[in-house]
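Visitor: This is entry-v1.pdb (PDB, C-alpha atoms).
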```
ATOM      1  CA  MET A   1     -39.792  49.837 -75.473
ATOM      2  CA  ARG A   2     -40.037  47.622 -72.389
ATOM      3  CA  LYS A   3     -38.991  44.522 -74.381
ATOM      4  CA  ILE A   4     -36.036  46.405 -75.913
ATOM      5  CA  ALA A   5     -34.790  47.472 -72.424
ATOM      6  CA  ILE A   6     -34.903  43.911 -71.086
ATOM      7  CA  SER A   7     -32.973  42.626 -74.106
ATOM      8  CA  ILE A   8     -30.236  45.260 -73.657
ATOM      9  CA  PHE A   9     -29.884  44.390 -69.924
ATOM     10  CA  ALA A  10     -29.555  40.679 -70.696
ATOM     11  CA  LEU A  11     -26.860  41.257 -73.317
ATOM     12  CA  THR A  12     -24.887  43.454 -70.922
ATOM     13  CA  PHE A  13     -25.029  40.835 -68.074
ATOM     14  CA  PHE A  14     -23.905  38.070 -70.419
ATOM     15  CA  ALA A  15     -20.968  40.121 -71.725
ATOM     16  CA  CYS A  16     -19.757  40.852 -68.166
ATOM     17  CA  GLY A  17     -19.937  37.167 -67.222
ATOM     18  CA  THR A  18     -17.938  36.201 -70.290
ATOM     19  CA  GLN A  19     -15.237  38.700 -69.459
ATOM     20  CA  LYS A  20     -14.901  37.336 -65.945
ATOM     21  CA  GLU A  21     -14.506  33.808 -67.252
ATOM     22  CA  LYS A  22     -11.785  34.849 -69.637
ATOM     23  CA  GLN A  23      -9.624  36.468 -66.918
ATOM     24  CA  PRO A  24      -6.480  34.351 -66.417
ATOM     25  CA  ALA A  25      -6.088  32.605 -63.037
ATOM     26  CA  GLU A  26      -3.518  34.059 -60.671
ATOM     27  CA  LYS A  27      -0.382  32.014 -60.293
ATOM     28  CA  VAL A  28       0.846  31.230 -56.773
ATOM     29  CA  GLU A  29       4.544  30.543 -56.603
ATOM     30  CA  ILE A  30       5.768  28.309 -53.769
ATOM     31  CA  SER A  31       9.232  29.043 -52.668
ATOM     32  CA  THR A  32      11.514  26.044 -52.667
ATOM     33  CA  GLU A  33      13.960  27.728 -50.335
ATOM     34  CA  ILE A  34      14.976  25.360 -47.542
ATOM     35  CA  VAL A  35      14.805  26.902 -44.122
ATOM     36  CA  GLU A  36      17.429  25.675 -41.715
ATOM     37  CA  THR A  37      15.996  24.306 -38.495
ATOM     38  CA  THR A  38      17.359  22.617 -35.363
ATOM     39  CA  ASP A  39      18.658  19.108 -35.897
ATOM     40  CA  ILE A  40      15.722  16.683 -35.458
ATOM     41  CA  ASP A  41      17.884  14.083 -33.768
ATOM     42  CA  ALA A  42      19.020  16.648 -31.216
ATOM     43  CA  VAL A  43      15.426  17.666 -30.473
ATOM     44  CA  THR A  44      14.360  14.050 -30.074
ATOM     45  CA  SER A  45      17.283  13.385 -27.761
ATOM     46  CA  ALA A  46      16.446  16.407 -25.632
ATOM     47  CA  MET A  47      12.809  15.339 -25.391
ATOM     48  CA  ARG A  48      13.807  11.888 -24.269
ATOM     49  CA  THR A  49      16.124  13.356 -21.668
ATOM     50  CA  ASN A  50      13.260  15.254 -20.053
ATOM     51  CA  ILE A  51      10.749  12.390 -20.179
ATOM     52  CA  GLN A  52       9.675  11.214 -16.734
ATOM     53  CA  PRO A  53       9.048   7.461 -17.042
ATOM     54  CA  THR A  54       6.067   6.059 -15.196
ATOM     55  CA  PHE A  55       5.784   2.690 -13.472
ATOM     56  CA  ASN A  56       2.761   0.879 -12.144
ATOM     57  CA  GLY A  57       2.763  -1.256  -9.033
ATOM     58  CA  VAL A  58       1.365  -1.807  -5.557
ATOM     59  CA  ILE A  59       2.178  -0.954  -1.956
ATOM     60  CA  VAL A  60       3.709  -3.879  -0.063
ATOM     61  CA  ILE A  61       4.965  -4.655   3.445
ATOM     62  CA  PRO A  62       8.656  -5.577   3.920
ATOM     63  CA  PRO A  63       8.987  -9.269   4.920
ATOM     64  CA  GLN A  64      10.401  -8.391   8.346
ATOM     65  CA  ARG A  65       7.314  -6.235   9.016
ATOM     66  CA  HIS A  66       4.778  -8.870   7.985
ATOM     67  CA  ALA A  67       4.200 -11.830  10.323
ATOM     68  CA  THR A  68       1.896 -14.766   9.644
ATOM     69  CA  VAL A  69       0.742 -16.438  12.848
ATOM     70  CA  THR A  70       0.798 -20.209  12.223
ATOM     71  CA  LEU A  71       0.175 -23.212  14.476
ATOM     72  CA  PHE A  72       2.799 -25.927  14.996
ATOM     73  CA  MET A  73       0.302 -28.250  16.701
ATOM     74  CA  ASP A  74      -3.418 -28.814  16.195
ATOM     75  CA  GLY A  75      -5.864 -27.013  18.442
ATOM     76  CA  VAL A  76      -9.463 -25.875  18.938
ATOM     77  CA  VAL A  77     -10.165 -22.186  19.496
ATOM     78  CA  LYS A  78     -11.504 -21.693  23.032
ATOM     79  CA  THR A  79     -11.676 -17.884  23.130
ATOM     80  CA  THR A  80     -10.784 -14.988  20.814
ATOM     81  CA  SER A  81     -11.853 -11.399  20.261
ATOM     82  CA  LEU A  82      -9.545 -10.657  17.362
ATOM     83  CA  LEU A  83     -10.940  -8.652  14.430
ATOM     84  CA  SER A  84      -9.308  -7.645  11.154
ATOM     85  CA  GLY A  85      -7.915  -4.132  11.392
ATOM     86  CA  THR A  86      -7.325  -4.305  15.141
ATOM     87  CA  PHE A  87      -3.966  -2.931  16.283
ATOM     88  CA  VAL A  88      -2.096  -5.293  18.618
ATOM     89  CA  LYS A  89       1.161  -5.014  20.532
ATOM     90  CA  LYS A  90       3.925  -7.602  20.494
ATOM     91  CA  GLY A  91       3.037 -10.319  23.014
ATOM     92  CA  GLU A  92      -0.647  -9.370  23.145
ATOM     93  CA  LEU A  93      -3.106 -12.279  23.417
ATOM     94  CA  LEU A  94      -4.772 -13.192  20.102
ATOM     95  CA  ALA A  95      -6.590 -16.423  20.988
ATOM     96  CA  VAL A  96      -6.665 -19.341  23.430
ATOM     97  CA  LEU A  97      -6.447 -22.905  22.036
ATOM     98  CA  GLU A  98      -7.046 -26.328  23.591
ATOM     99  CA  ASN A  99      -5.673 -29.788  22.838
ATOM    100  CA  PRO A 100      -4.979 -32.776  25.176
ATOM    101  CA  GLU A 101      -1.585 -33.128  23.490
ATOM    102  CA  TYR A 102      -0.538 -29.827  25.071
ATOM    103  CA  ILE A 103      -0.955 -31.428  28.504
ATOM    104  CA  THR A 104       0.872 -34.615  27.499
ATOM    105  CA  LEU A 105       3.868 -32.717  26.171
ATOM    106  CA  GLN A 106       4.143 -30.647  29.356
ATOM    107  CA  GLN A 107       3.922 -33.810  31.467
ATOM    108  CA  THR A 108       6.739 -35.374  29.465
ATOM    109  CA  TYR A 109       8.877 -32.317  30.030
ATOM    110  CA  ILE A 110       8.299 -32.198  33.802
ATOM    111  CA  GLU A 111       9.062 -35.919  34.150
ATOM    112  CA  SER A 112      12.202 -35.522  32.052
ATOM    113  CA  VAL A 113      13.445 -32.751  34.322
ATOM    114  CA  ALA A 114      12.913 -34.887  37.410
ATOM    115  CA  GLN A 115      14.569 -37.948  35.873
ATOM    116  CA  GLU A 116      17.493 -35.879  34.657
ATOM    117  CA  GLU A 117      18.162 -34.578  38.165
ATOM    118  CA  PHE A 118      18.147 -38.100  39.588
ATOM    119  CA  LEU A 119      20.357 -39.549  36.829
ATOM    120  CA  GLU A 120      22.786 -36.628  37.056
ATOM    121  CA  THR A 121      23.215 -37.248  40.784
ATOM    122  CA  GLU A 122      23.778 -40.956  40.149
ATOM    123  CA  PHE A 123      26.234 -40.206  37.369
ATOM    124  CA  ARG A 124      28.289 -37.879  39.620
ATOM    125  CA  ARG A 125      28.357 -40.598  42.313
ATOM    126  CA  GLN A 126      29.470 -43.284  39.870
ATOM    127  CA  GLU A 127      32.102 -40.910  38.505
ATOM    128  CA  LYS A 128      33.677 -40.532  41.925
ATOM    129  CA  LEU A 129      33.568 -44.276  42.532
ATOM    130  CA  PHE A 130      35.153 -44.925  39.158
ATOM    131  CA  ASP A 131      37.921 -42.444  39.880
ATOM    132  CA  GLY A 132      38.540 -44.355  43.121
ATOM    133  CA  GLU A 133      38.415 -47.651  41.222
ATOM    134  CA  ALA A 134      35.429 -48.733  43.337
ATOM    135  CA  VAL A 135      33.209 -49.569  40.331
ATOM    136  CA  SER A 136      33.802 -50.981  36.895
ATOM    137  CA  LYS A 137      34.104 -48.861  33.813
ATOM    138  CA  LYS A 138      30.971 -50.511  32.386
ATOM    139  CA  ILE A 139      28.770 -49.379  35.282
ATOM    140  CA  PHE A 140      30.194 -45.860  35.069
ATOM    141  CA  GLN A 141      29.591 -45.629  31.299
ATOM    142  CA  GLN A 142      26.027 -46.936  31.673
ATOM    143  CA  SER A 143      25.308 -44.306  34.291
ATOM    144  CA  LYS A 144      26.711 -41.603  32.043
ATOM    145  CA  ALA A 145      24.675 -42.803  29.035
ATOM    146  CA  ASP A 146      21.438 -42.829  31.057
ATOM    147  CA  TYR A 147      22.054 -39.289  32.277
ATOM    148  CA  LEU A 148      22.937 -37.855  28.863
ATOM    149  CA  SER A 149      19.971 -39.619  27.231
ATOM    150  CA  MET A 150      17.528 -38.113  29.726
ATOM    151  CA  LYS A 151      19.151 -34.719  29.384
ATOM    152  CA  SER A 152      18.630 -34.871  25.625
ATOM    153  CA  ARG A 153      14.998 -35.890  26.124
ATOM    154  CA  ARG A 154      14.415 -32.975  28.483
ATOM    155  CA  GLU A 155      15.995 -30.494  26.052
ATOM    156  CA  ALA A 156      13.885 -31.841  23.168
ATOM    157  CA  ALA A 157      10.666 -31.512  25.180
ATOM    158  CA  ALA A 158      11.582 -27.968  26.178
ATOM    159  CA  ALA A 159      12.303 -27.044  22.554
ATOM    160  CA  GLN A 160       8.927 -28.427  21.451
ATOM    161  CA  LEU A 161       7.140 -26.460  24.141
ATOM    162  CA  ARG A 162       8.846 -23.222  23.119
ATOM    163  CA  LEU A 163       8.077 -23.930  19.474
ATOM    164  CA  ILE A 164       4.324 -24.180  20.005
ATOM    165  CA  GLY A 165       4.221 -21.251  22.424
ATOM    166  CA  PHE A 166       4.754 -22.573  25.965
ATOM    167  CA  ASP A 167       7.360 -21.306  28.435
ATOM    168  CA  PRO A 168       9.210 -24.269  30.038
ATOM    169  CA  VAL A 169      10.374 -22.141  32.974
ATOM    170  CA  ARG A 170       6.803 -21.076  33.721
ATOM    171  CA  ILE A 171       5.624 -24.702  33.571
ATOM    172  CA  LEU A 172       8.218 -25.775  36.152
ATOM    173  CA  SER A 173       7.262 -22.980  38.519
ATOM    174  CA  ASN A 174       3.460 -22.880  38.001
ATOM    175  CA  GLY A 175       2.637 -26.381  36.784
ATOM    176  CA  ILE A 176       0.850 -27.672  33.693
ATOM    177  CA  VAL A 177      -1.113 -25.122  31.627
ATOM    178  CA  PRO A 178      -4.232 -26.775  30.081
ATOM    179  CA  HIS A 179      -4.412 -24.420  27.113
ATOM    180  CA  LEU A 180      -2.190 -22.584  24.648
ATOM    181  CA  GLU A 181      -2.132 -18.782  24.574
ATOM    182  CA  LEU A 182      -1.518 -17.527  21.060
ATOM    183  CA  ARG A 183       0.251 -14.160  21.143
ATOM    184  CA  SER A 184       1.289 -11.553  18.562
ATOM    185  CA  PRO A 185       4.927 -11.810  17.410
ATOM    186  CA  ILE A 186       5.182  -8.092  16.458
ATOM    187  CA  ASP A 187       3.386  -4.763  16.770
ATOM    188  CA  GLY A 188       0.906  -4.193  13.955
ATOM    189  CA  TYR A 189      -2.584  -4.533  12.544
ATOM    190  CA  ALA A 190      -4.402  -7.852  12.336
ATOM    191  CA  ALA A 191      -5.363  -8.971   8.825
ATOM    192  CA  ASN A 192      -6.761 -12.114   7.174
ATOM    193  CA  VAL A 193      -8.194 -13.319  10.484
ATOM    194  CA  GLN A 194      -9.245 -16.971   9.996
ATOM    195  CA  ILE A 195     -10.433 -17.963  13.479
ATOM    196  CA  ASN A 196     -13.601 -18.101  15.550
ATOM    197  CA  VAL A 197     -14.611 -19.810  18.787
ATOM    198  CA  GLY A 198     -14.874 -23.600  18.406
ATOM    199  CA  LYS A 199     -12.967 -23.785  15.118
ATOM    200  CA  TYR A 200     -10.500 -26.672  14.738
ATOM    201  CA  LEU A 201      -7.138 -25.578  13.376
ATOM    202  CA  ALA A 202      -4.677 -28.101  11.969
ATOM    203  CA  ALA A 203      -0.926 -27.713  12.320
ATOM    204  CA  GLY A 204       0.395 -25.315   9.703
ATOM    205  CA  THR A 205      -2.893 -23.434   9.403
ATOM    206  CA  PRO A 206      -2.447 -19.624   9.168
ATOM    207  CA  VAL A 207      -4.408 -17.993  11.979
ATOM    208  CA  CYS A 208      -3.938 -14.377  10.902
ATOM    209  CA  ASP A 209      -1.406 -11.876   9.598
ATOM    210  CA  ILE A 210       0.089  -9.040  11.616
ATOM    211  CA  ILE A 211       1.295  -6.133   9.475
ATOM    212  CA  ASP A 212       3.437  -3.253  10.660
ATOM    213  CA  LYS A 213       2.761  -0.246   8.394
ATOM    214  CA  SER A 214       5.482   1.939   9.887
ATOM    215  CA  THR A 215       7.763   0.953   6.994
ATOM    216  CA  LEU A 216       6.254   0.431   3.535
ATOM    217  CA  MET A 217       7.612  -0.296   0.075
ATOM    218  CA  LEU A 218       6.484  -0.061  -3.525
ATOM    219  CA  LYS A 219       6.667  -3.116  -5.768
ATOM    220  CA  LEU A 220       6.855  -1.735  -9.301
ATOM    221  CA  THR A 221       6.863  -3.433 -12.702
ATOM    222  CA  VAL A 222       9.624  -2.441 -15.137
ATOM    223  CA  TYR A 223       9.634  -3.935 -18.605
ATOM    224  CA  GLU A 224      12.670  -5.441 -20.253
ATOM    225  CA  LYS A 225      13.444  -2.440 -22.459
ATOM    226  CA  GLY A 226      13.834  -0.244 -19.396
ATOM    227  CA  ILE A 227      16.019  -2.540 -17.298
ATOM    228  CA  GLY A 228      19.151  -0.448 -17.796
ATOM    229  CA  LYS A 229      17.375   2.840 -17.206
ATOM    230  CA  ILE A 230      16.613   2.535 -13.496
ATOM    231  CA  LYS A 231      18.972   1.717 -10.664
ATOM    232  CA  VAL A 232      19.264   1.552  -6.911
ATOM    233  CA  GLY A 233      19.227   5.044  -5.418
ATOM    234  CA  ASP A 234      16.949   6.644  -8.027
ATOM    235  CA  LYS A 235      14.285   8.979  -6.624
ATOM    236  CA  LEU A 236      10.595   8.504  -7.393
ATOM    237  CA  LYS A 237       7.349  10.421  -6.998
ATOM    238  CA  PHE A 238       4.201   8.324  -6.733
ATOM    239  CA  SER A 239       0.443   8.714  -6.371
ATOM    240  CA  VAL A 240      -2.002   6.247  -4.854
ATOM    241  CA  ASN A 241      -5.505   5.289  -5.969
ATOM    242  CA  GLY A 242      -7.929   7.300  -3.883
ATOM    243  CA  LEU A 243      -5.288   9.934  -3.126
ATOM    244  CA  GLU A 244      -4.543  11.043  -6.687
ATOM    245  CA  THR A 245      -4.254  14.729  -5.771
ATOM    246  CA  GLN A 246      -1.178  14.061  -3.635
ATOM    247  CA  GLU A 247       2.319  12.897  -4.537
ATOM    248  CA  PHE A 248       4.647  11.039  -2.220
ATOM    249  CA  ASP A 249       8.385  10.299  -2.227
ATOM    250  CA  ALA A 250      10.172   6.976  -2.618
ATOM    251  CA  GLU A 251      13.645   5.671  -3.390
ATOM    252  CA  VAL A 252      14.661   2.556  -5.324
ATOM    253  CA  ILE A 253      16.365   0.044  -3.012
ATOM    254  CA  SER A 254      16.311  -3.181  -5.047
ATOM    255  CA  THR A 255      15.955  -4.311  -8.660
ATOM    256  CA  GLY A 256      14.980  -7.818  -9.721
ATOM    257  CA  GLN A 257      17.576 -10.100 -11.272
ATOM    258  CA  MET A 258      15.214 -12.356 -13.237
ATOM    259  CA  VAL A 259      12.947 -11.340 -16.123
ATOM    260  CA  ASP A 260       9.441 -12.791 -16.239
ATOM    261  CA  ASN A 261       9.182 -15.104 -19.255
ATOM    262  CA  ILE A 262       5.573 -14.120 -20.003
ATOM    263  CA  ASN A 263       5.397 -10.324 -19.903
ATOM    264  CA  ARG A 264       9.165  -9.668 -20.099
ATOM    265  CA  SER A 265       9.287  -7.582 -16.949
ATOM    266  CA  LEU A 266      11.019  -7.550 -13.591
ATOM    267  CA  GLU A 267      10.175  -6.292 -10.115
ATOM    268  CA  VAL A 268      11.683  -3.145  -8.653
ATOM    269  CA  TYR A 269      11.312  -2.279  -4.971
ATOM    270  CA  ALA A 270      11.331   1.263  -3.608
ATOM    271  CA  LYS A 271      11.283   2.463  -0.012
ATOM    272  CA  VAL A 272       8.448   4.848   0.827
ATOM    273  CA  ASN A 273       9.951   7.995   2.361
ATOM    274  CA  SER A 274       6.698   9.876   2.993
ATOM    275  CA  ASN A 275       4.247   7.558   4.730
ATOM    276  CA  ASN A 276       0.514   8.157   5.121
ATOM    277  CA  VAL A 277      -2.033   6.610   7.504
ATOM    278  CA  GLN A 278      -4.316   5.925   4.524
ATOM    279  CA  PHE A 279      -1.810   3.612   2.843
ATOM    280  CA  ARG A 280      -2.807  -0.056   2.693
ATOM    281  CA  PRO A 281      -0.820  -3.026   1.364
ATOM    282  CA  GLY A 282      -2.116  -3.937  -2.082
ATOM    283  CA  MET A 283      -3.107  -0.391  -3.099
ATOM    284  CA  TYR A 284      -2.319   0.438  -6.728
ATOM    285  CA  VAL A 285       0.264   3.154  -7.314
ATOM    286  CA  SER A 286       1.636   5.067 -10.283
ATOM    287  CA  ALA A 287       5.223   6.237  -9.907
ATOM    288  CA  ARG A 288       7.343   8.526 -12.036
ATOM    289  CA  GLY A 289      11.090   8.822 -12.027
ATOM    290  CA  VAL A 290      12.802  12.003 -10.978
ATOM    291  CA  GLY A 291      16.465  12.832 -11.002
ATOM    292  CA  GLU A 292      18.497  15.875 -10.135
ATOM    293  CA  GLY A 293      16.078  18.488 -11.446
ATOM    294  CA  GLU A 294      14.846  16.374 -14.340
ATOM    295  CA  GLY A 295      13.334  13.029 -15.166
ATOM    296  CA  LEU A 296      15.233   9.786 -15.287
ATOM    297  CA  LYS A 297      16.749   9.230 -18.717
ATOM    298  CA  PHE A 298      14.569   6.544 -20.263
TER     299      PHE A 298
END
```
Now that the file is in, can you turn its structure into structure tokens?
Guide:
Amino acid sequence: MRKIAISIFALTFFACGTQKEKQPAEKVEISTEIVETTDIDAVTSAMRTNIQPTFNGVIVIPPQRHATVTLFMDGVVKTTSLLSGTFVKKGELLAVLENPEYITLQQTYIESVAQEEFLETEFRRQEKLFDGEAVSKKIFQQSKADYLSMKSRREAAAAQLRLIGFDPVRILSNGIVPHLELRSPIDGYAANVQINVGKYLAAGTPVCDIIDKSTLMLKLTVYEKGIGKIKVGDKLKFSVNGLETQEFDAEVISTGQMVDNINRSLEVYAKVNSNNVQFRPGMYVSARGVGEGEGLKF
């Protein structure tokens, strides 16, 4: 009986499985109805309109706010206490230099002044005599030439003194100064300091840079395809490495007129409208364009 029951159960299970296999598969019909949607070109155009283009660049100092202190005559550093990062006022002493040529040039100037005074007096005397026909024209002209020649020599010596940093008026009143005082041409922070006591500096050698951070700019890179998409007056928002959580304002003030032949880009300059004491020339920035309530069309 047990064997008969097992056989009946097996036949029943097999019959059920066969029936399931014979059931026809359900058909799924896919509708071919075309649903009308918004024009793709219009969507793409709208997306492009709202894109805020980004530009990479660095913070720079305007040329009128960046002064490089350079020597016009050789010298040896006698004293200095200048350090990079030090704030200095216009006219503040940066270093004291020595060179025997400084003394020689001052001597030449003082002698020229004295000779000019003598020759001018002689010229005025000869002029009166010539007007009274008491001397020949040749003597009068020679006196005039000597005076004008010495005057030119005195003016040249004075110009040289002013060029290297001496005050001719001070030399006449106080006498020869044995050293040159190197002073700051503008207010700002010292950078790239290249001097120390006893160092010989040749003419044309940069001593240091003085940078005034009160007015800063961004120098951004714009590639050729975007040349026509940014113009003077456009507003920008930018972030700075190290201060990524903050955004600052800038405005485009100049666009380059020559495209770089290698990377096909040009330089765009923007004035920083929201300054920060943490800004440093050379810092990397990332700027994005903003317009009147939306991004620059790019």
Visitor: I'd like to know which of A:Met217, A:Leu148, A:Met258, A:Val290 is closest to Asp234 in chain A, using all atoms listed in the file.
Guide: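 Closest candidate: A:Val290.
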Visitor: Just the residues within 12 Å of range 255-257 of chain A, please, counting all atoms listed in the file, with nothing from its chain fewer than 3 positions along; format it as an MDAnalysis selection string.
Guide: chainID A and resid 218:224 226:234 251:252 260 265:271
Visitor: Enclose the full set of atoms of range 234-250 of chain A listed in the file within a box whose edges lie along x, y and z, apply 4 Å of padding to each of the six sides, and report centre and edge lengths in Å to one decimal as AutoDock Vina command-line options.
Guide:
```
--center_x 4.5 --center_y 10.0 --center_z -5.1 --size_x 32.9 --size_y 17.4 --size_z 13.8
```
Visitor: Smallest atom-to-atom distance to Ser81 in chain A: which of A:Lys237, A:Leu94, A:Ser184, A:Arg125, using only C-alpha atoms?
Guide: A:Leu94
Visitor: Under the PyMOL selection byres ((chain A and resi 106) around 9), which residues of this model are included? Write them out as a list in words.
Guide: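 Taken on the displayed file, the PyMOL selection byres ((chain A and resi 106) around 9) yields the residues Glu101, Tyr102, Ile103, Thr104, Leu105, Gln107, Thr108, Tyr109, Ile110, Glu111, Ala157, Ala158, Leu161, Phe166, Pro168, Ile171, Gly175, Ile176 and Val177 of chain A.
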Visitor: Using only C-alpha atoms, which residue out of A:Ser143, A:Ser254, A:Ser136, A:Thr205 lies closest to Leu71 in chain A?
Guide: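 Closest residue, counting only C-alpha atoms: A:Thr205.
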Visitor: Find the residues near Glu181 in chain A: any atom within 9 Å, counting only C-alpha atoms, skip ones fewer than 3 places away on the same chain, and give them as a list in words.
Guide: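 Contacts, with the query itself left out: Leu93, Leu94, Ala95, Val96, Leu97, Gly165 and Phe166 of chain A.
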Visitor: Keeping C-alpha atoms for every residue in the selection just given, could you write it to a file as a short mmCIF file (atom, residue, chain, number, x, y, z; two decimals), keeping the file's coordinate frame?
Guide:
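Dumped everything to part_19.cif:
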```cif
data_model
loop_
_atom_site.label_atom_id
_atom_site.label_comp_id
_atom_site.auth_asym_id
_atom_site.auth_seq_id
_atom_site.Cartn_x
_atom_site.Cartn_y
_atom_site.Cartn_z
CA LEU A 93 -3.11 -12.28 23.42
CA LEU A 94 -4.77 -13.19 20.10
CA ALA A 95 -6.59 -16.42 20.99
CA VAL A 96 -6.66 -19.34 23.43
CA LEU A 97 -6.45 -22.90 22.04
CA GLY A 165 4.22 -21.25 22.42
CA PHE A 166 4.75 -22.57 25.96
#
```
Visitor: Which residue, A:Val88, A:Ala145, A:Ile186, A:Val240, has the smallest gap to Asn276 in chain A when you use all atoms listed in the file?
Guide: A:Val240
Visitor: Can you list what the PyMOL selection byres ((chain A and resi 98) around 6) grabs from this structure, as number ranges by chain?
Guide: A: 75-76, 97, 99, 179
